[in-house]
Amino acid sequence: MDGYGTKGWRLLLREAGYFLRNALGSIFSLEFVTVFIPLLLLWEFLPRLGVVPKALVPPLSTVAAAFWELLTERHLLTHIGHSMGKFLLGLGIAVATAIPIGILMGWNMAIRKRALPLFQLLAPVPPPAWVPITIILFGVGLPMQTFLIFIGAFYPILFNTYQAIKDTEPRYLASARVFGASELTLILHVYIWHAIGAIIMSVKTGVAMGLVMLVIAEMYGGRTGIGYLLVEAKDFFQIPVMVVCMAVLGVIGWFLIEVLKFAELKLSVWKIGR
Amino acid sequence: MIEARGITKFFSIVNDDRTADGLTAVLSVSIGIGAGKIVSILGPSGCGKSTFLEILAGLQAPTEGKVLIDGVTVLEPLPSTRREMEEYRRKYQFLSPLANGMFRDRPKHDIAMIFQDYAVFPWMTVLQNVTFALKLRGVARAERASRAMPFLKNVGLGDSLSKYPSQLSGGMRQRLALARALAVEPRIILMDEPFAAVDTITRERLQDDLLRLWNATGITIVLVTHDTDEAVYLSDEVIVFSPPPGSVRNVFPVASPRPRRRSDPEHADLKGRIEALFKYDIDHESEYSI
């Protein structure tokens, strides 16, 4: 038991190492650092030298100080935790519903003909347009915020999954059918694998749309989260705080996309070396 | 024993301007293929020979006629009246008519099929491709790998078990398809231009592999091809399809005993006769079309 446990931990550590190397590799590459560091220096010194107004464009050091203050005195980590919690809940519900519905619609024409037009009519409604009615239905709070994030992420995942499943190469289906595959086996072993790249891509789009809706949802209601901090900072004209919030959102989005890229790398190992 | 009785396949097409059109792919084909034989279906491109093979496999329903494998019908022909068609649609509303069923893997007939463009699954390794086919035939999980191994070794893939098809050459991919088809130990293998996409040397080696494996197992092989050499070298019988709509133009038995030589003068004579037939058909057709 002990040996197995150690082995599991070691495997986890190794995978985490791979992930970090993959994710951070592009940022800490020599090519990018030679561009990034001068940009940071410009950010620091242009306001200080008075080239741009210092009151409107806070230099990097001011933003860093504001970040430290938020971290130590204003519970930034708690806010991030709350935002991430809502976000992952909304995104999770979207993934758990959109992917199965997309698979069903892509797999079977009879289901597609009955379900697709409904989604095609509802999808063009811009997600922020759902805000007023959601506030009336759910009040201000977690359910409303989760629902808005869900609405943002749902359609891109649904349509891309459906399209990818529908475009499954017929010869793979034919060869599995001749061997005797049932429809369930076709879905689990042929359709999904053929579409896996497109499905992960659709979740990436879902993450981007979900983040948009996260900020909107937190601006409209609730007392926690990055979006709330952002609006509060606007009311007090704290530009450095706003910049910190934007940077935090950027890093969250980047991190989630990297996680998905890593998942894609692990799941579609067979595409590499082509 | 495969028996095709009056197989006709008609595709209806709706044009862009909403007018209806039709295409007869296969017209009234009746043939019998004896057990343990290698039979080639040879014809110009677009003559419906691939469609005919898919009908034999049960991947398409014929418009008319039926296919019997050892006396059992493969697929009911499409209904002709509107009411029957409605019933047919209702029956298959949530499943394609070619489906084996919803949850249980069970082949309708003891057939394996090999496609031109190696329909091996790129997301499975060499070994997984074969064990997946065995799983579909209800082989227990513990037995699958040991059942797959001899067939993979036989086609020279014993050392590439954990490779993905994208890491294999075209010839090796087709060998994998061959191993996968043989591993399920079918009584019939249907091949749709299996060696068309590989170079000449690889093709000849694959043909010899096929003959060697056929010798060892004695299965029935139906081979669709447009290569006269291949048809004459491999088969017991060459069925020549006419230009579209495809129907049986001539049947040539190949009597020479195996092992055969590729340069057999008897083969050259037969090839000459088949090619003359093609030439006649094409010339004859162009007289009509001009």
# chains A, B, ... in the order shown; residues from 1 in each chain; ligands from 1
>>> residues_around(residues="B:Gly101", least_positions_apart="4", cutoff="9 Å", atoms="only C-alpha atoms", output="PyMOL selection string")
(chain A and resi 181-184) or (chain B and resi 95+105-106)
>>> interface_residues(of="chain A", to="chain B", cutoff="10 Å", atoms="only C-alpha atoms", output="count of residues only")
36
>>> atom_distance(atom1="atom CA of B:Gly43", atom2="atom CA of B:Pro194")
14.8 Å
>>> closest_atom_pairs(of="stretch 229-268 of chain B", to="stretch 2-11 of chain B", cutoff="10 Å", atoms="only C-alpha atoms", output="tab-separated table")
residue	atom	partner	partner_atom	distance
B:Pro245	CA	B:Lys9	CA	9.3
B:Gly246	CA	B:Thr8	CA	9.1
B:Ser247	CA	B:Thr8	CA	8.9
>>> write_last_selection(atoms="C-alpha atoms", output="PDB file, in the first residue's frame")
ATOM      1  CA  PRO B 245     -24.998   1.741 -64.172  1.00  0.00           C
ATOM      2  CA  GLY B 246     -23.004  -1.202 -62.882  1.00  0.00           C
ATOM      3  CA  SER B 247     -24.148  -4.637 -63.895  1.00  0.00           C
TER       4      SER B 247
END
>>> residues_around(residues="A:Val231", least_positions_apart="2", cutoff="12 Å", atoms="only C-alpha atoms", output="mmCIF file with N, CA and C atoms, in the first residue's frame")
data_model
loop_
_atom_site.group_PDB
_atom_site.id
_atom_site.type_symbol
_atom_site.label_atom_id
_atom_site.label_comp_id
_atom_site.auth_asym_id
_atom_site.auth_seq_id
_atom_site.Cartn_x
_atom_site.Cartn_y
_atom_site.Cartn_z
ATOM 1 N N VAL A 215 -17.345 38.403 -15.058
ATOM 2 C CA VAL A 215 -17.143 39.803 -14.695
ATOM 3 C C VAL A 215 -18.467 40.553 -14.698
ATOM 4 N N ILE A 216 -19.269 40.303 -15.749
ATOM 5 C CA ILE A 216 -20.563 40.994 -15.817
ATOM 6 C C ILE A 216 -21.420 40.616 -14.618
ATOM 7 N N ALA A 217 -21.472 39.322 -14.306
ATOM 8 C CA ALA A 217 -22.316 38.862 -13.200
ATOM 9 C C ALA A 217 -21.871 39.482 -11.884
ATOM 10 N N GLU A 218 -20.557 39.570 -11.674
ATOM 11 C CA GLU A 218 -20.084 40.108 -10.396
ATOM 12 C C GLU A 218 -20.234 41.623 -10.326
ATOM 13 N N MET A 219 -20.255 42.263 -11.486
ATOM 14 C CA MET A 219 -20.473 43.713 -11.479
ATOM 15 C C MET A 219 -21.898 44.042 -11.071
ATOM 16 N N TYR A 220 -22.827 43.092 -11.419
ATOM 17 C CA TYR A 220 -24.232 43.392 -11.152
ATOM 18 C C TYR A 220 -24.692 42.979 -9.768
ATOM 19 N N GLY A 221 -24.034 42.041 -9.165
ATOM 20 C CA GLY A 221 -24.566 41.621 -7.880
ATOM 21 C C GLY A 221 -23.528 40.905 -7.067
ATOM 22 N N GLY A 222 -23.720 40.829 -5.797
ATOM 23 C CA GLY A 222 -22.804 40.117 -4.927
ATOM 24 C C GLY A 222 -21.823 41.068 -4.272
ATOM 25 N N ARG A 223 -21.193 40.572 -3.249
ATOM 26 C CA ARG A 223 -20.263 41.392 -2.482
ATOM 27 C C ARG A 223 -18.850 40.820 -2.534
ATOM 28 N N THR A 224 -18.650 39.839 -3.380
ATOM 29 C CA THR A 224 -17.317 39.235 -3.473
ATOM 30 C C THR A 224 -16.941 39.047 -4.934
ATOM 31 N N GLY A 225 -15.685 38.740 -5.152
ATOM 32 C CA GLY A 225 -15.225 38.396 -6.490
ATOM 33 C C GLY A 225 -14.439 39.524 -7.140
ATOM 34 N N ILE A 226 -13.708 39.138 -8.180
ATOM 35 C CA ILE A 226 -12.851 40.098 -8.878
ATOM 36 C C ILE A 226 -13.682 41.200 -9.532
ATOM 37 N N GLY A 227 -14.811 40.793 -10.136
ATOM 38 C CA GLY A 227 -15.673 41.782 -10.794
ATOM 39 C C GLY A 227 -16.171 42.822 -9.796
ATOM 40 N N TYR A 228 -16.498 42.354 -8.595
ATOM 41 C CA TYR A 228 -16.953 43.270 -7.545
ATOM 42 C C TYR A 228 -15.834 44.238 -7.157
ATOM 43 N N LEU A 229 -14.629 43.718 -6.954
ATOM 44 C CA LEU A 229 -13.465 44.571 -6.630
ATOM 45 C C LEU A 229 -13.265 45.637 -7.698
ATOM 46 N N ALA A 233 -13.461 49.565 -7.135
ATOM 47 C CA ALA A 233 -12.297 50.406 -7.430
ATOM 48 C C ALA A 233 -12.691 51.576 -8.324
ATOM 49 N N LYS A 234 -13.624 51.308 -9.245
ATOM 50 C CA LYS A 234 -14.090 52.387 -10.127
ATOM 51 C C LYS A 234 -14.755 53.484 -9.297
ATOM 52 N N ASP A 235 -15.571 53.067 -8.322
ATOM 53 C CA ASP A 235 -16.276 54.051 -7.498
ATOM 54 C C ASP A 235 -15.308 54.938 -6.713
ATOM 55 N N PHE A 236 -14.168 54.369 -6.323
ATOM 56 C CA PHE A 236 -13.186 55.154 -5.556
ATOM 57 C C PHE A 236 -12.041 55.664 -6.428
ATOM 58 N N PHE A 237 -12.148 55.476 -7.743
ATOM 59 C CA PHE A 237 -11.140 55.928 -8.699
ATOM 60 C C PHE A 237 -9.750 55.393 -8.365
ATOM 61 N N GLN A 238 -9.698 54.070 -8.025
ATOM 62 C CA GLN A 238 -8.388 53.459 -7.728
ATOM 63 C C GLN A 238 -7.890 52.723 -8.968
ATOM 64 N N ILE A 239 -7.222 53.479 -9.848
ATOM 65 C CA ILE A 239 -6.789 52.846 -11.102
ATOM 66 C C ILE A 239 -5.832 51.667 -10.864
ATOM 67 N N VAL A 241 -5.793 49.473 -8.546
ATOM 68 C CA VAL A 241 -6.585 48.293 -8.165
ATOM 69 C C VAL A 241 -7.265 47.688 -9.377
ATOM 70 N N MET A 242 -7.794 48.575 -10.228
ATOM 71 C CA MET A 242 -8.437 48.058 -11.457
ATOM 72 C C MET A 242 -7.441 47.272 -12.289
ATOM 73 N N VAL A 243 -6.222 47.816 -12.427
ATOM 74 C CA VAL A 243 -5.214 47.131 -13.237
ATOM 75 C C VAL A 243 -4.894 45.764 -12.631
ATOM 76 N N CYS A 245 -6.899 43.904 -10.849
ATOM 77 C CA CYS A 245 -8.034 43.007 -11.126
ATOM 78 C C CYS A 245 -7.970 42.479 -12.555
ATOM 79 N N MET A 246 -7.693 43.375 -13.510
ATOM 80 C CA MET A 246 -7.613 42.939 -14.908
ATOM 81 C C MET A 246 -6.502 41.913 -15.088
#
>>> closest_residue(among="B:Val72, B:Met172, B:Ile219, B:Ala35", to="B:Ala197", atoms="only C-alpha atoms")
B:Met172
>>> residues_around(residues="A:Ala198", least_positions_apart="4", cutoff="9 Å", atoms="only C-alpha atoms", output="list of chain:residue names")
A:Asn160, A:Thr161, A:Gln163, A:Ala164, A:Ile165, A:His194, A:Ser202, A:Val203
>>> atom_distance(atom1="atom CA of B:Arg203", atom2="atom CA of B:Ala231")
12.6 Å
>>> decode(residues="stretch 82-162 of chain A", atoms="C-alpha atoms", output="compact mmCIF listing (two decimals), in the first residue's frame")
# COMPACT_ATOMS: atom_id res chain seq x y z
CA HIS A 82 -15.02 33.04 -4.75
CA SER A 83 -14.74 34.03 -8.41
CA MET A 84 -13.11 30.76 -9.36
CA GLY A 85 -15.70 28.78 -7.42
CA LYS A 86 -18.60 30.41 -9.27
CA PHE A 87 -16.79 30.21 -12.54
CA LEU A 88 -15.92 26.53 -12.29
CA LEU A 89 -19.47 25.72 -11.15
CA GLY A 90 -21.00 27.55 -14.12
CA LEU A 91 -18.49 26.14 -16.58
CA GLY A 92 -18.86 22.66 -15.11
CA ILE A 93 -22.63 22.72 -15.57
CA ALA A 94 -22.18 24.02 -19.13
CA VAL A 95 -19.66 21.27 -19.98
CA ALA A 96 -21.80 18.57 -18.33
CA THR A 97 -24.89 19.56 -20.34
CA ALA A 98 -23.56 20.96 -23.63
CA ILE A 99 -21.23 18.08 -24.47
CA PRO A 100 -23.83 15.28 -24.04
CA ILE A 101 -26.50 17.27 -25.89
CA GLY A 102 -24.01 18.09 -28.64
CA ILE A 103 -23.04 14.43 -28.94
CA LEU A 104 -26.68 13.33 -29.14
CA MET A 105 -27.46 15.93 -31.81
CA GLY A 106 -24.39 15.05 -33.84
CA TRP A 107 -25.03 11.32 -33.56
CA ASN A 108 -28.70 11.12 -34.49
CA MET A 109 -30.60 12.98 -37.16
CA ALA A 110 -34.00 12.53 -35.48
CA ILE A 111 -32.75 14.18 -32.28
CA ARG A 112 -30.94 16.88 -34.24
CA LYS A 113 -34.07 17.85 -36.18
CA ARG A 114 -36.06 18.22 -32.98
CA ALA A 115 -33.50 20.01 -30.79
CA LEU A 116 -31.17 22.04 -32.98
CA PRO A 117 -33.61 24.76 -34.17
CA LEU A 118 -34.41 25.66 -30.56
CA PHE A 119 -30.76 26.24 -29.74
CA GLN A 120 -30.23 28.09 -33.01
CA LEU A 121 -33.01 30.50 -32.06
CA LEU A 122 -31.79 31.00 -28.49
CA ALA A 123 -28.06 31.20 -29.12
CA PRO A 124 -27.98 34.57 -30.92
CA VAL A 125 -29.38 36.29 -27.80
CA PRO A 126 -26.20 37.99 -26.48
CA PRO A 127 -25.46 36.50 -23.05
CA PRO A 128 -25.41 39.90 -21.26
CA ALA A 129 -29.02 40.38 -22.41
CA TRP A 130 -29.91 37.60 -19.96
CA VAL A 131 -28.79 39.73 -16.99
CA PRO A 132 -32.04 41.60 -16.16
CA ILE A 133 -34.35 38.59 -16.38
CA THR A 134 -31.85 36.45 -14.47
CA ILE A 135 -31.73 38.98 -11.63
CA ILE A 136 -35.54 38.97 -11.41
CA LEU A 137 -35.74 35.16 -11.51
CA PHE A 138 -32.82 34.24 -9.26
CA GLY A 139 -32.24 37.41 -7.25
CA VAL A 140 -28.74 38.69 -6.69
CA GLY A 141 -26.34 35.99 -5.63
CA LEU A 142 -24.69 32.73 -6.48
CA PRO A 143 -27.48 31.11 -8.53
CA MET A 144 -27.79 34.15 -10.78
CA GLN A 145 -24.03 34.42 -11.27
CA THR A 146 -23.65 30.72 -11.95
CA PHE A 147 -26.49 30.82 -14.46
CA LEU A 148 -24.96 33.76 -16.33
CA ILE A 149 -21.59 32.00 -16.59
CA PHE A 150 -23.38 28.86 -17.75
CA ILE A 151 -25.27 30.78 -20.46
CA GLY A 152 -22.02 32.31 -21.71
CA ALA A 153 -20.17 29.00 -21.96
CA PHE A 154 -23.02 26.72 -23.06
CA TYR A 155 -23.58 27.63 -26.72
CA PRO A 156 -20.00 27.66 -27.98
CA ILE A 157 -19.43 24.24 -26.42
CA LEU A 158 -22.74 22.89 -27.71
CA PHE A 159 -22.37 23.98 -31.33
CA ASN A 160 -18.73 23.06 -31.73
CA THR A 161 -19.25 19.64 -30.15
CA TYR A 162 -22.29 18.95 -32.31
